[in-house]
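Data first, discussion second: the structure below is written as structure tokens.
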Amino acid sequence: MGLVLFPGDGDNSSPDVSWSYSSFAAFRRRLAETEGFVLSEMWGFGGERPWSDVSTALEPLLDHPDDSGDDLSPAECASFVAGVVANTYLWAGVGGHHHHKNHMAYARLVGGVLRLCVEKDVPLAFL
């Protein structure tokens, strides 16, 4: 069982990103690290630190339930697509460990899905 992020456009041929819950969790931890904080310290992830203590455009993605909750609006997607894509370039300079390569690949896929959501003006759905 896993998680799928996809454009909520009703088009089953639209690209999506599919991964295990553990892979998605690792990806989000990595995004948070790149943004300068530890996800496990945050409220909702085992910690007590409120989200108001951090400043990141990626909060809608990082603080979203894995497979429930509201879809992310096209405006929310637009607000953080650049941050997700930028991390791809940052991670490219970090060693060749297979986890880094996986995260880079996921960042590219997520970036493509987010751009499509913005272009089509449709929400990002979690399933």
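Going through the structure tokens in order, the chains are called A, B, and so on, while each chain numbers its residues from 1 and the ligands are numbered from 1 in the order shown.
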Item to check | Nearby residues (only C-alpha atoms) at most 9 Å from Asp121 in chain A, same-chain spacing under 6 positions excluded, as number ranges by chain | outcome: A: 9, 73-75
Excluding range 100-107 of chain A and any residue of its chain fewer than 6 positions from it, enumerate the residues within 10 Å of it, using only C-alpha atoms, and give them as a short mmCIF file (atom, residue, chain, number, x, y, z; two decimals) with N, CA and C atoms, in the first residue's frame.
data_model
loop_
_atom_site.label_atom_id
_atom_site.label_comp_id
_atom_site.auth_asym_id
_atom_site.auth_seq_id
_atom_site.Cartn_x
_atom_site.Cartn_y
_atom_site.Cartn_z
N VAL A 17 2.63 10.79 -8.97
CA VAL A 17 3.79 10.31 -8.23
C VAL A 17 3.30 9.27 -7.25
N SER A 18 3.83 8.08 -7.36
CA SER A 18 3.44 6.98 -6.47
C SER A 18 4.65 6.54 -5.67
N TRP A 19 4.45 6.34 -4.37
CA TRP A 19 5.53 5.89 -3.53
C TRP A 19 4.97 5.24 -2.27
N SER A 23 8.78 6.02 1.95
CA SER A 23 9.54 6.83 0.99
C SER A 23 9.06 8.27 0.98
N PHE A 24 7.75 8.47 1.09
CA PHE A 24 7.21 9.83 1.15
C PHE A 24 7.67 10.52 2.43
N ALA A 26 10.43 9.92 4.11
CA ALA A 26 11.85 10.23 3.96
C ALA A 26 12.04 11.45 3.05
N PHE A 27 11.24 11.54 2.00
CA PHE A 27 11.31 12.68 1.09
C PHE A 27 10.95 13.97 1.83
N ARG A 28 9.89 13.94 2.62
CA ARG A 28 9.49 15.13 3.37
C ARG A 28 10.54 15.50 4.43
N ARG A 30 13.67 15.04 4.17
CA ARG A 30 14.76 15.64 3.40
C ARG A 30 14.43 17.08 2.98
N LEU A 31 13.19 17.29 2.54
CA LEU A 31 12.76 18.66 2.20
C LEU A 31 12.88 19.58 3.41
N VAL A 81 5.95 25.15 -5.75
CA VAL A 81 6.56 24.34 -6.81
C VAL A 81 8.02 24.73 -7.03
N GLY A 83 10.15 25.82 -4.87
CA GLY A 83 10.96 25.28 -3.78
C GLY A 83 11.26 23.81 -3.94
N VAL A 84 10.28 23.05 -4.41
CA VAL A 84 10.50 21.62 -4.63
C VAL A 84 11.52 21.43 -5.74
N VAL A 85 11.36 22.16 -6.83
CA VAL A 85 12.28 22.03 -7.96
C VAL A 85 13.67 22.51 -7.58
N ALA A 86 13.77 23.58 -6.81
CA ALA A 86 15.08 24.10 -6.40
C ALA A 86 15.85 23.07 -5.59
N ASN A 87 15.15 22.28 -4.79
CA ASN A 87 15.82 21.26 -4.00
C ASN A 87 16.48 20.21 -4.89
N THR A 88 15.92 19.96 -6.05
CA THR A 88 16.53 19.02 -6.99
C THR A 88 17.95 19.46 -7.31
N TYR A 89 18.13 20.76 -7.53
CA TYR A 89 19.46 21.29 -7.86
C TYR A 89 20.39 21.27 -6.66
N LEU A 90 19.84 21.57 -5.48
CA LEU A 90 20.66 21.51 -4.27
C LEU A 90 21.14 20.10 -4.00
N TRP A 91 20.23 19.14 -4.14
CA TRP A 91 20.57 17.75 -3.85
C TRP A 91 21.53 17.17 -4.89
N ALA A 92 21.56 17.74 -6.08
CA ALA A 92 22.45 17.22 -7.13
C ALA A 92 23.91 17.33 -6.71
N GLY A 93 24.21 18.30 -5.86
CA GLY A 93 25.59 18.48 -5.43
C GLY A 93 25.98 17.65 -4.22
N VAL A 94 25.06 16.82 -3.72
CA VAL A 94 25.31 16.03 -2.52
C VAL A 94 25.57 14.58 -2.91
N VAL A 113 4.18 17.31 -11.60
CA VAL A 113 2.76 17.21 -11.23
C VAL A 113 2.27 18.56 -10.72
#
Contacts of His64 in chain A within 12 Å, only C-alpha atoms, excl. fewer than 5 positions in-chain, as a CSV table (one decimal) with C-alpha atoms, in the first residue's frame:
chain,number,residue,atom,x,y,z
A,5,LEU,CA,-0.1,12.5,-5.6
A,24,PHE,CA,7.2,9.8,1.2
A,25,ALA,CA,8.1,10.4,4.8
A,28,ARG,CA,9.5,15.1,3.4
A,43,TRP,CA,3.8,19.4,15.8
A,44,GLY,CA,2.0,16.6,14.1
A,45,PHE,CA,5.3,14.7,13.5
A,51,TRP,CA,4.6,25.4,12.3
A,58,LEU,CA,6.8,24.1,1.4
A,59,GLU,CA,4.5,24.0,4.5
A,69,GLY,CA,-7.2,16.0,4.3
A,70,ASP,CA,-8.1,18.6,1.7
A,71,ASP,CA,-6.5,18.7,-1.7
A,72,LEU,CA,-3.9,21.4,-2.2
A,76,GLU,CA,-0.9,26.5,-2.9
A,124,LEU,CA,-3.2,18.4,-6.1
A,125,ALA,CA,-4.9,15.3,-4.7
A,126,PHE,CA,-3.6,12.7,-2.3
Which residues come within 10 Å of Val54 in chain A, counting only C-alpha atoms, excluding same-chain residues fewer than 4 positions away, as an mmCIF file with N, CA, C and O atoms, in the first residue's frame?
data_model
loop_
_atom_site.group_PDB
_atom_site.id
_atom_site.type_symbol
_atom_site.label_atom_id
_atom_site.label_comp_id
_atom_site.auth_asym_id
_atom_site.auth_seq_id
_atom_site.Cartn_x
_atom_site.Cartn_y
_atom_site.Cartn_z
ATOM 1 N N ALA A 32 12.419 19.105 4.564
ATOM 2 C CA ALA A 32 12.482 19.912 5.784
ATOM 3 C C ALA A 32 13.929 20.233 6.142
ATOM 4 O O ALA A 32 14.250 21.384 6.480
ATOM 5 N N GLU A 35 15.207 22.898 4.123
ATOM 6 C CA GLU A 35 14.602 24.168 4.517
ATOM 7 C C GLU A 35 15.118 24.657 5.869
ATOM 8 O O GLU A 35 14.758 25.733 6.330
ATOM 9 N N GLY A 36 15.930 23.829 6.552
ATOM 10 C CA GLY A 36 16.589 24.275 7.769
ATOM 11 C C GLY A 36 15.937 23.857 9.080
ATOM 12 O O GLY A 36 16.222 24.453 10.113
ATOM 13 N N PHE A 37 15.077 22.855 9.055
ATOM 14 C CA PHE A 37 14.497 22.373 10.301
ATOM 15 C C PHE A 37 14.306 20.860 10.240
ATOM 16 O O PHE A 37 14.424 20.249 9.184
ATOM 17 N N MET A 42 8.520 18.878 14.643
ATOM 18 C CA MET A 42 7.331 19.675 14.374
ATOM 19 C C MET A 42 6.074 19.023 14.945
ATOM 20 O O MET A 42 5.962 17.803 15.018
ATOM 21 N N ARG A 49 7.164 21.564 18.306
ATOM 22 C CA ARG A 49 7.439 22.850 17.665
ATOM 23 C C ARG A 49 6.276 23.235 16.741
ATOM 24 O O ARG A 49 5.899 22.465 15.855
ATOM 25 N N PRO A 50 5.714 24.425 16.913
ATOM 26 C CA PRO A 50 4.609 24.831 16.040
ATOM 27 C C PRO A 50 5.113 25.251 14.659
ATOM 28 O O PRO A 50 6.246 25.727 14.513
ATOM 29 N N GLU A 59 5.409 24.451 3.430
ATOM 30 C CA GLU A 59 4.547 23.985 4.520
ATOM 31 C C GLU A 59 3.290 23.251 4.039
ATOM 32 O O GLU A 59 2.945 22.224 4.622
#
Next on the checklist: With distances taken over only C-alpha atoms, which residue among A:Phe80, A:Ser13, A:Gly112, A:Ser22 lies nearest Asp66 in chain A?
Outcome noted: A:Ser22
Checklist entry - What are the DSSP strand (DSSP E or B) residues of range 5-87 of chain A, as a PyMOL selection string? => result chain A and resi 5-7+17-20+42-43+47+49+72
Next on the checklist: If you run DSSP on the backbone here, which positions in chain A get alpha helix (DSSP H)? Please write them as an MDAnalysis selection string.
Outcome noted: chainID A and resid 21:35 59:62 74:92 98:120
Next on the checklist: To one decimal place in Å, what is the distance between CA of Asp53 in chain A and CA of Ala82 in chain A?
Outcome noted: 21.6 Å
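Using only C-alpha atoms for every distance, the candidate list A:Phe6, A:Ser52, A:Tyr21, A:Cys77 yields A:Tyr21 as the residue closest to Pro65 in chain A.
Going from CA of Ala78 in chain A to CA of Val4 in chain A covers 19.1 Å.
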Checklist entry - In terms of the shortest atom-to-atom distance over only C-alpha atoms, which of A:Gly2, A:Pro123, A:Pro15, A:Pro60 is closest to Arg108 in chain A? => result A:Pro15
